[in-house]
$ cat work.cif   # mmCIF, C-alpha atoms
data_my_file
loop_
_atom_site.group_PDB
_atom_site.id
_atom_site.type_symbol
_atom_site.label_atom_id
_atom_site.label_comp_id
_atom_site.auth_asym_id
_atom_site.auth_seq_id
_atom_site.Cartn_x
_atom_site.Cartn_y
_atom_site.Cartn_z
ATOM 1 C CA MET A 1188 12.129 15.799 -8.995
ATOM 2 C CA PRO A 1189 14.738 12.964 -8.870
ATOM 3 C CA GLU A 1190 13.917 9.688 -7.177
ATOM 4 C CA THR A 1191 15.270 9.043 -3.709
ATOM 5 C CA PRO A 1192 17.299 5.886 -2.983
ATOM 6 C CA PHE A 1193 14.167 4.571 -1.243
ATOM 7 C CA ASP A 1194 12.117 5.109 -4.419
ATOM 8 C CA GLU A 1195 14.704 3.295 -6.512
ATOM 9 C CA SER A 1196 14.762 0.415 -4.053
ATOM 10 C CA GLU A 1197 10.976 0.149 -4.136
ATOM 11 C CA ARG A 1198 11.028 -0.081 -7.930
ATOM 12 C CA GLY A 1199 13.298 -3.088 -7.658
ATOM 13 C CA ALA A 1200 11.239 -4.643 -4.869
ATOM 14 C CA TRP A 1201 8.129 -4.818 -7.059
ATOM 15 C CA ALA A 1202 9.581 -5.349 -10.528
ATOM 16 C CA GLY A 1203 8.001 -8.368 -12.224
ATOM 17 C CA CYS A 1204 6.102 -9.412 -9.087
ATOM 18 C CA ALA A 1205 2.495 -8.758 -10.146
ATOM 19 C CA ALA A 1206 1.343 -12.367 -10.436
ATOM 20 C CA ALA A 1207 3.065 -13.430 -7.217
ATOM 21 C CA TYR A 1208 1.637 -10.418 -5.393
ATOM 22 C CA GLU A 1209 -1.882 -11.123 -6.642
ATOM 23 C CA ALA A 1210 -1.608 -14.741 -5.461
ATOM 24 C CA GLY A 1211 -0.676 -13.778 -1.893
ATOM 25 C CA PHE A 1212 -0.350 -10.298 -0.428
ATOM 26 C CA GLY A 1213 -2.862 -8.848 -2.904
ATOM 27 C CA ARG A 1214 -5.779 -10.520 -1.168
ATOM 28 C CA LEU A 1215 -4.664 -9.067 2.161
ATOM 29 C CA CYS A 1216 -4.437 -5.528 0.799
ATOM 30 C CA ALA A 1217 -7.853 -5.795 -0.858
ATOM 31 C CA HIS A 1218 -9.528 -6.058 2.558
ATOM 32 C CA THR A 1219 -9.386 -2.295 3.138
ATOM 33 C CA VAL A 1220 -10.807 -1.302 -0.256
ATOM 34 C CA PRO A 1221 -14.501 -0.861 0.711
ATOM 35 C CA ARG A 1222 -13.565 1.411 3.649
ATOM 36 C CA LEU A 1223 -11.144 3.315 1.422
ATOM 37 C CA LEU A 1224 -13.773 4.022 -1.237
ATOM 38 C CA ASP A 1225 -16.324 5.028 1.388
ATOM 39 C CA ALA A 1226 -13.822 7.456 2.905
ATOM 40 C CA ALA A 1227 -13.235 9.023 -0.515
ATOM 41 C CA GLY A 1228 -16.953 9.304 -1.236
ATOM 42 C CA VAL A 1229 -16.719 7.210 -4.400
ATOM 43 C CA VAL A 1230 -20.148 7.047 -6.051
ATOM 44 C CA ALA A 1231 -21.578 6.431 -9.502
ATOM 45 C CA GLY A 1232 -20.349 8.935 -12.054
ATOM 46 C CA ALA A 1233 -17.444 10.219 -9.963
ATOM 47 C CA ARG A 1234 -14.093 10.747 -11.656
ATOM 48 C CA VAL A 1235 -11.747 8.609 -9.565
ATOM 49 C CA LEU A 1236 -7.981 8.156 -9.619
ATOM 50 C CA ASP A 1237 -6.546 5.012 -8.014
ATOM 51 C CA VAL A 1238 -2.858 5.667 -7.341
ATOM 52 C CA GLY A 1239 -0.581 2.674 -6.882
ATOM 53 C CA THR A 1240 -3.331 0.393 -8.116
ATOM 54 C CA GLY A 1241 -1.247 -2.773 -7.957
ATOM 55 C CA THR A 1242 -3.337 -5.441 -9.623
ATOM 56 C CA GLY A 1243 -6.433 -3.269 -9.551
ATOM 57 C CA SER A 1244 -8.521 -4.230 -6.517
ATOM 58 C CA ALA A 1245 -9.522 -0.648 -5.656
ATOM 59 C CA ALA A 1246 -10.027 0.257 -9.309
ATOM 60 C CA ALA A 1247 -12.310 -2.747 -9.809
ATOM 61 C CA ALA A 1248 -14.383 -1.901 -6.752
ATOM 62 C CA ALA A 1249 -14.706 1.734 -7.840
ATOM 63 C CA CYS A 1250 -15.833 0.632 -11.307
ATOM 64 C CA ALA A 1251 -18.419 -1.644 -9.665
ATOM 65 C CA ARG A 1252 -19.832 1.471 -7.973
ATOM 66 C CA GLY A 1253 -20.254 3.100 -11.375
ATOM 67 C CA ALA A 1254 -17.324 5.492 -11.089
ATOM 68 C CA ARG A 1255 -15.213 6.586 -14.045
ATOM 69 C CA VAL A 1256 -11.823 5.219 -13.042
ATOM 70 C CA VAL A 1257 -8.262 6.019 -13.999
ATOM 71 C CA ALA A 1258 -5.604 3.873 -12.320
ATOM 72 C CA VAL A 1259 -1.827 4.177 -12.241
ATOM 73 C CA ASP A 1260 1.058 2.101 -11.003
ATOM 74 C CA ALA A 1261 4.799 2.673 -11.194
ATOM 75 C CA GLU A 1262 5.470 -0.967 -12.064
ATOM 76 C CA PRO A 1263 4.612 -1.881 -15.691
ATOM 77 C CA ASP A 1264 3.973 -5.517 -14.738
ATOM 78 C CA MET A 1265 1.338 -4.398 -12.224
ATOM 79 C CA ALA A 1266 -0.257 -2.055 -14.757
ATOM 80 C CA ARG A 1267 -0.456 -4.807 -17.365
ATOM 81 C CA LEU A 1268 -2.164 -7.207 -14.975
ATOM 82 C CA ALA A 1269 -4.529 -4.489 -13.714
ATOM 83 C CA THR A 1270 -5.504 -3.759 -17.325
ATOM 84 C CA ARG A 1271 -6.484 -7.387 -17.814
ATOM 85 C CA ILE A 1272 -8.306 -7.651 -14.491
ATOM 86 C CA VAL A 1273 -10.124 -4.298 -14.755
ATOM 87 C CA PRO A 1274 -10.642 -3.624 -18.484
ATOM 88 C CA GLU A 1275 -13.256 -0.962 -17.735
ATOM 89 C CA ALA A 1276 -10.634 1.240 -16.030
ATOM 90 C CA CYS A 1277 -8.077 3.349 -17.878
ATOM 91 C CA VAL A 1278 -4.735 2.099 -16.541
ATOM 92 C CA HIS A 1279 -1.454 3.998 -17.010
ATOM 93 C CA VAL A 1280 2.144 3.553 -15.898
ATOM 94 C CA ALA A 1281 3.004 6.561 -13.728
ATOM 95 C CA ALA A 1282 4.766 7.209 -10.442
ATOM 96 C CA LEU A 1283 4.407 9.691 -7.640
ATOM 97 C CA PRO A 1284 5.274 12.474 -7.147
ATOM 98 C CA GLN A 1285 4.713 13.368 -10.814
ATOM 99 C CA LEU A 1286 1.376 12.346 -12.310
ATOM 100 C CA PRO A 1287 0.467 13.094 -15.945
ATOM 101 C CA TYR A 1288 -2.889 14.737 -15.206
ATOM 102 C CA ALA A 1289 -4.218 18.267 -15.186
ATOM 103 C CA ASP A 1290 -4.935 20.187 -12.010
ATOM 104 C CA GLY A 1291 -8.280 19.299 -10.435
ATOM 105 C CA ARG A 1292 -9.106 16.517 -12.879
ATOM 106 C CA PHE A 1293 -10.556 14.060 -10.340
ATOM 107 C CA ASP A 1294 -13.465 14.154 -7.892
ATOM 108 C CA ALA A 1295 -11.792 11.586 -5.636
ATOM 109 C CA VAL A 1296 -8.311 10.107 -5.325
ATOM 110 C CA VAL A 1297 -7.556 6.875 -3.479
ATOM 111 C CA GLY A 1298 -4.274 5.219 -2.597
ATOM 112 C CA ASN A 1299 -4.376 1.768 -1.028
ATOM 113 C CA PHE A 1300 -1.100 1.487 0.915
ATOM 114 C CA VAL A 1301 0.707 3.632 -1.657
ATOM 115 C CA LEU A 1302 2.327 5.920 0.950
ATOM 116 C CA ASN A 1303 4.266 2.908 2.235
ATOM 117 C CA HIS A 1304 6.186 2.899 -1.040
ATOM 118 C CA VAL A 1305 7.167 6.499 -1.822
ATOM 119 C CA GLY A 1306 10.337 8.217 -0.755
ATOM 120 C CA ARG A 1307 8.773 11.630 -0.127
ATOM 121 C CA PRO A 1308 5.279 11.114 1.316
ATOM 122 C CA ARG A 1309 4.592 14.833 1.798
ATOM 123 C CA VAL A 1310 5.539 15.681 -1.775
ATOM 124 C CA ALA A 1311 3.457 12.742 -3.014
ATOM 125 C CA LEU A 1312 0.444 13.980 -1.065
ATOM 126 C CA ASP A 1313 0.875 17.468 -2.517
ATOM 127 C CA GLU A 1314 0.627 15.911 -5.964
ATOM 128 C CA LEU A 1315 -2.547 14.053 -5.040
ATOM 129 C CA CYS A 1316 -4.017 17.351 -3.887
ATOM 130 C CA ARG A 1317 -3.043 18.986 -7.178
ATOM 131 C CA VAL A 1318 -4.991 16.511 -9.316
ATOM 132 C CA THR A 1319 -8.069 16.538 -7.045
ATOM 133 C CA ARG A 1320 -10.723 19.185 -7.679
ATOM 134 C CA PRO A 1321 -11.487 21.713 -4.930
ATOM 135 C CA GLY A 1322 -13.994 20.067 -2.634
ATOM 136 C CA GLY A 1323 -12.953 16.568 -3.723
ATOM 137 C CA ARG A 1324 -11.727 13.954 -1.284
ATOM 138 C CA ILE A 1325 -8.480 12.050 -0.949
ATOM 139 C CA ALA A 1326 -8.429 8.755 0.968
ATOM 140 C CA LEU A 1327 -5.404 6.662 1.885
ATOM 141 C CA THR A 1328 -4.591 3.484 3.738
ATOM 142 C CA LEU A 1329 -1.364 2.803 5.577
ATOM 143 C CA TRP A 1330 -0.024 -0.017 7.706
ATOM 144 C CA ALA A 1331 -0.121 1.057 11.335
ATOM 145 C CA ALA A 1332 2.829 1.028 13.718
ATOM 146 C CA PRO A 1333 3.578 -0.869 15.761
ATOM 147 C CA ALA A 1334 2.736 -3.721 13.439
ATOM 148 C CA ALA A 1335 -0.018 -6.133 14.411
ATOM 149 C CA PRO A 1336 1.173 -9.659 15.297
ATOM 150 C CA GLY A 1337 0.169 -11.205 11.978
ATOM 151 C CA GLN A 1338 1.844 -8.461 9.996
ATOM 152 C CA ALA A 1339 5.052 -8.897 12.001
ATOM 153 C CA LEU A 1340 5.302 -12.657 11.441
ATOM 154 C CA LEU A 1341 7.576 -12.629 8.397
ATOM 155 C CA GLY A 1342 9.882 -10.009 9.884
ATOM 156 C CA ARG A 1343 10.166 -12.057 13.066
ATOM 157 C CA ALA A 1344 11.206 -15.078 10.996
ATOM 158 C CA VAL A 1345 13.960 -13.053 9.352
ATOM 159 C CA GLN A 1346 15.208 -11.836 12.739
ATOM 160 C CA ALA A 1347 15.028 -15.320 14.259
ATOM 161 C CA ALA A 1348 17.229 -16.562 11.432
ATOM 162 C CA GLY A 1349 19.845 -13.957 12.348
ATOM 163 C CA VAL A 1350 19.365 -11.930 9.169
ATOM 164 C CA THR A 1351 19.464 -8.140 9.061
ATOM 165 C CA ARG A 1352 18.227 -5.753 6.378
ATOM 166 C CA PRO A 1353 20.915 -5.454 3.664
ATOM 167 C CA PRO A 1354 22.472 -1.980 3.264
ATOM 168 C CA SER A 1355 21.389 -2.105 -0.386
ATOM 169 C CA LEU A 1356 17.756 -1.724 0.785
ATOM 170 C CA PRO A 1357 17.601 1.836 2.148
ATOM 171 C CA MET A 1358 15.103 2.990 4.718
ATOM 172 C CA LEU A 1359 12.951 6.065 4.294
ATOM 173 C CA ALA A 1360 14.998 9.147 5.139
ATOM 174 C CA PRO A 1361 14.173 10.361 8.694
ATOM 175 C CA GLU A 1362 13.272 13.842 7.462
ATOM 176 C CA ASP A 1363 10.686 12.312 5.089
ATOM 177 C CA ASP A 1364 9.092 9.945 7.602
ATOM 178 C CA PHE A 1365 6.090 10.548 9.848
ATOM 179 C CA PRO A 1366 4.380 8.654 12.691
ATOM 180 C CA ARG A 1367 2.383 5.702 11.408
ATOM 181 C CA THR A 1368 -0.462 6.448 13.830
ATOM 182 C CA GLU A 1369 -3.911 8.009 13.528
ATOM 183 C CA ASP A 1370 -2.564 11.363 14.728
ATOM 184 C CA GLY A 1371 0.502 11.093 12.524
ATOM 185 C CA LEU A 1372 -1.481 10.417 9.366
ATOM 186 C CA VAL A 1373 -4.009 13.155 10.127
ATOM 187 C CA GLY A 1374 -1.096 15.517 10.682
ATOM 188 C CA LEU A 1375 0.312 14.607 7.280
ATOM 189 C CA LEU A 1376 -3.017 15.322 5.578
ATOM 190 C CA ARG A 1377 -3.517 18.609 7.400
ATOM 191 C CA GLY A 1378 0.021 19.632 6.537
ATOM 192 C CA ALA A 1379 -0.912 19.275 2.865
ATOM 193 C CA GLY A 1380 -3.810 21.674 3.386
ATOM 194 C CA LEU A 1381 -6.583 19.096 3.515
ATOM 195 C CA THR A 1382 -9.619 19.851 5.641
ATOM 196 C CA ASP A 1383 -12.359 17.685 7.148
ATOM 197 C CA THR A 1384 -9.632 15.166 7.967
ATOM 198 C CA VAL A 1385 -10.381 11.901 9.729
ATOM 199 C CA CYS A 1386 -8.457 8.706 10.405
ATOM 200 C CA ARG A 1387 -9.669 5.386 11.762
ATOM 201 C CA SER A 1388 -7.884 2.182 12.694
ATOM 202 C CA LEU A 1389 -9.124 -0.985 11.002
ATOM 203 C CA SER A 1390 -8.270 -4.383 12.526
ATOM 204 C CA TRP A 1391 -9.022 -7.779 11.024
ATOM 205 C CA ASP A 1392 -7.838 -11.372 10.872
ATOM 206 C CA HIS A 1393 -6.400 -12.336 7.515
ATOM 207 C CA ARG A 1394 -6.974 -16.017 6.753
ATOM 208 C CA THR A 1395 -4.442 -17.757 4.580
ATOM 209 C CA THR A 1396 -2.237 -20.855 4.529
ATOM 210 C CA PRO A 1397 1.446 -21.213 5.435
ATOM 211 C CA GLU A 1398 2.199 -22.063 1.819
ATOM 212 C CA GLU A 1399 0.440 -18.994 0.455
ATOM 213 C CA TRP A 1400 1.957 -16.661 3.017
ATOM 214 C CA TRP A 1401 5.474 -17.883 2.348
ATOM 215 C CA SER A 1402 5.014 -17.781 -1.440
ATOM 216 C CA GLY A 1403 5.365 -13.993 -1.548
ATOM 217 C CA PRO A 1404 8.791 -13.773 0.128
ATOM 218 C CA ALA A 1405 9.936 -16.872 -1.753
ATOM 219 C CA ALA A 1406 9.082 -15.136 -5.038
ATOM 220 C CA GLY A 1407 10.847 -11.929 -4.027
ATOM 221 C CA VAL A 1408 7.692 -9.887 -3.485
ATOM 222 C CA ALA A 1409 8.158 -6.549 -1.674
ATOM 223 C CA THR A 1410 11.035 -5.663 0.627
ATOM 224 C CA ILE A 1411 10.632 -8.840 2.674
ATOM 225 C CA GLY A 1412 11.059 -10.862 -0.509
ATOM 226 C CA ARG A 1413 14.192 -8.981 -1.511
ATOM 227 C CA ILE A 1414 15.666 -9.615 1.940
ATOM 228 C CA VAL A 1415 14.940 -13.342 1.658
ATOM 229 C CA GLN A 1416 16.284 -13.647 -1.871
ATOM 230 C CA SER A 1417 19.417 -11.634 -1.110
ATOM 231 C CA GLN A 1418 20.643 -14.235 1.391
ATOM 232 C CA GLY A 1419 21.205 -17.211 -0.860
ATOM 233 C CA ALA A 1420 19.423 -20.549 -0.829
ATOM 234 C CA ASP A 1421 20.769 -21.877 2.471
ATOM 235 C CA VAL A 1422 19.890 -18.786 4.497
ATOM 236 C CA ALA A 1423 16.537 -18.437 2.757
ATOM 237 C CA GLU A 1424 15.735 -21.981 3.861
ATOM 238 C CA ARG A 1425 16.750 -21.093 7.422
ATOM 239 C CA ILE A 1426 14.323 -18.162 7.321
ATOM 240 C CA ARG A 1427 11.599 -20.449 5.988
ATOM 241 C CA ARG A 1428 12.115 -22.912 8.833
ATOM 242 C CA GLN A 1429 11.846 -20.099 11.362
ATOM 243 C CA PHE A 1430 8.670 -18.934 9.642
ATOM 244 C CA VAL A 1431 7.150 -22.410 9.914
ATOM 245 C CA ALA A 1432 7.995 -22.588 13.619
ATOM 246 C CA LEU A 1433 6.634 -19.117 14.414
ATOM 247 C CA ALA A 1434 3.533 -19.644 12.291
ATOM 248 C CA ALA A 1435 2.393 -22.303 14.744
ATOM 249 C CA GLU A 1436 1.227 -19.434 17.006
ATOM 250 C CA PHE A 1437 -1.336 -18.472 14.355
ATOM 251 C CA THR A 1438 -2.350 -21.890 13.046
ATOM 252 C CA GLY A 1439 -5.950 -23.014 13.475
ATOM 253 C CA GLY A 1440 -7.365 -26.491 13.719
ATOM 254 C CA ASP A 1441 -7.698 -26.726 9.940
ATOM 255 C CA GLY A 1442 -4.001 -25.965 9.421
ATOM 256 C CA GLY A 1443 -4.705 -22.469 8.081
ATOM 257 C CA LEU A 1444 -3.232 -19.250 9.408
ATOM 258 C CA VAL A 1445 -5.219 -16.545 11.176
ATOM 259 C CA LEU A 1446 -3.065 -13.418 11.047
ATOM 260 C CA PRO A 1447 -4.160 -10.249 12.912
ATOM 261 C CA HIS A 1448 -3.507 -7.074 10.908
ATOM 262 C CA ARG A 1449 -4.129 -3.395 11.535
ATOM 263 C CA ALA A 1450 -4.248 -0.535 9.062
ATOM 264 C CA LEU A 1451 -5.121 3.144 9.107
ATOM 265 C CA VAL A 1452 -7.813 4.573 6.808
ATOM 266 C CA ALA A 1453 -7.587 8.362 6.478
ATOM 267 C CA SER A 1454 -9.254 10.970 4.325
ATOM 268 C CA GLY A 1455 -9.503 14.691 3.834
ATOM 269 C CA ARG A 1456 -11.065 17.259 1.554
ATOM 270 C CA VAL A 1457 -9.298 19.662 -0.778
ATOM 271 C CA ALA A 1458 -10.375 23.101 0.407
ATOM 272 C CA VAL A 1459 -12.016 25.774 -1.715
ATOM 273 C CA GLN A 1460 -10.561 29.223 -1.014
ATOM 274 C CA GLY A 1461 -9.555 28.118 2.465
ATOM 275 C CA ARG A 1462 -12.935 26.808 3.564
ATOM 276 C CA VAL A 1463 -14.436 23.319 3.854
ATOM 277 C CA VAL A 1464 -16.904 22.307 1.165
ATOM 278 C CA GLY A 1465 -19.864 20.398 2.590
#
$ encode --input "work.cif" --output "structure tokens"
Amino acid sequence: MPETPFDESERGAWAGCAAAYEAGFGRLCAHTVPRLLDAAGVVAGARVLDVGTGTGSAAAAACARGARVVAVDAEPDMARLATRIVPEACVHVAALPQLPYADGRFDAVVGNFVLNHVGRPRVALDELCRVTRPGGRIALTLWAAPAAPGQALLGRAVQAAGVTRPPSLPMLAPEDDFPRTEDGLVGLLRGAGLTDTVCRSLSWDHRTTPEEWWSGPAAGVATIGRIVQSQGADVAERIRRQFVALAAEFTGGDGGLVLPHRALVASGRVAVQGRVVG
């Protein structure tokens, strides 16, 4: 199946960004990993696939539980860094919605924020179901909407600087999108045929520094980074100044940032002959 314009844009947004991601946003995304693995039922000896592994935080945690872990990422730079960080996992370069694995190979499949970055979420979820054995569990995390105040900070800085999303960075097609809510994510899982579905909201305060939080956009990490870098040096500096001003709302007495975030953690079970496996 050909990539969508959104898929192609996402490839560019993450190309060569592994080290910069690990130094900033990676620590934020790692917060949900324990809940994600619990939701997938990851235990010692389980065959686990970590899709969209990034720099390997979920893969490392699954290995620490004694699981047999395969991890994939669409970005070769991410896969290389994950290989170094998690040598006990088998890391491949592969992209949804086409994974190079046999039907039913894995006992559990996890994706930490991977659905944020695919152009056809429903097709991607179908593929995750294909590689999960009947009775196995799939668990996913997703940023909730509306965004929590800390998550919205960088976007607010862009807006305050008078910058709009460039047309070269396409949005997800409306027919491929779904509500980024507990009900919306459960509906997506049920639509793929998963049973025993559950979704919970997870809120936490991410602690960082203004320098660390700005380092990701400055290095071009993710869509926010591509927006910043597409504007030229003068406009990028205007965005940075707006970020510094807005960040004062979240700055503690030690000068660090306390950024409220909220994510969804959802899971479901691949049915066996139309019934739930207990």
$ closest_residue --input "work.cif" --among "A:Arg1324, A:Arg1198, A:His1218, A:His1279" --to "A:Arg1234" --atoms "only C-alpha atoms"
A:Arg1324
$ residues_around --input "work.cif" --residues "A:Arg1343" --least-positions-apart "6" --cutoff "12 Å" --atoms "all atoms listed in the file" --output "list in words"
Ala1334, Ala1335, Pro1336, Gly1337, Gly1349, Val1350, Thr1351, Ile1411, Ile1426, Arg1427, Arg1428, Gln1429, Phe1430, Val1431, Ala1432, Leu1433 and Ala1434 of chain A
$ axis_aligned_box --input "work.cif" --around "stretch 1264-1270 of chain A" --padding-each-side "5 Å" --output "JSON"
{"center_x": -0.8, "center_y": -4.6, "center_z": -14.8, "size_x": 19.5, "size_y": 15.2, "size_z": 15.1}
$ resolve_selection --input "work.cif" --expression "the PyMOL selection byres ((chain A and resi 1242) around 10)" --output "PyMOL selection string"
chain A and resi 1205-1206+1208-1209+1213+1217+1239-1241+1243-1247+1258+1260+1264-1273
$ residues_around --input "work.cif" --residues "stretch 1439-1449 of chain A" --least-positions-apart "6" --cutoff "9 Å" --atoms "all atoms listed in the file" --output "ChimeraX atom specification"
/A:1330-1332,1334-1340,1388-1397,1400
$ atom_distance --input "work.cif" --atom1 "atom CA of A:Ala1210" --atom2 "atom CA of A:Ile1414"
19.5 Å
$ closest_residue --input "work.cif" --among "A:Leu1376, A:Leu1356, A:Gly1211, A:Glu1190" --to "A:Glu1398" --atoms "only C-alpha atoms"
A:Gly1211
$ residues_around --input "work.cif" --residues "A:Gly1403" --least-positions-apart "2" --cutoff "7 Å" --atoms "only C-alpha atoms" --output "number ranges by chain"
A: 1207-1208, 1211-1212, 1400-1401, 1405-1408, 1412
$ resolve_selection --input "work.cif" --expression "the PyMOL selection byres ((chain A and resi 1366) around 12)" --output "PyMOL selection string"
chain A and resi 1303+1308+1329-1333+1361-1365+1367-1375+1451
$ closest_residue --input "work.cif" --among "A:Cys1204, A:Leu1236, A:Ala1435, A:Ala1348" --to "A:Val1257" --atoms "all atoms listed in the file"
A:Leu1236
$ resolve_selection --input "work.cif" --expression "the PyMOL selection byres ((chain A and resi 1285) around 12)" --output "list in words"
Met1188, Pro1189, Glu1190, Val1238, Val1259, Asp1260, Ala1261, Val1280, Ala1281, Ala1282, Leu1283, Pro1284, Leu1286, Pro1287, Tyr1288, Ala1289, Asp1290, Val1305, Arg1307, Val1310, Ala1311, Leu1312, Asp1313, Glu1314, Leu1315, Cys1316, Arg1317 and Val1318 of chain A
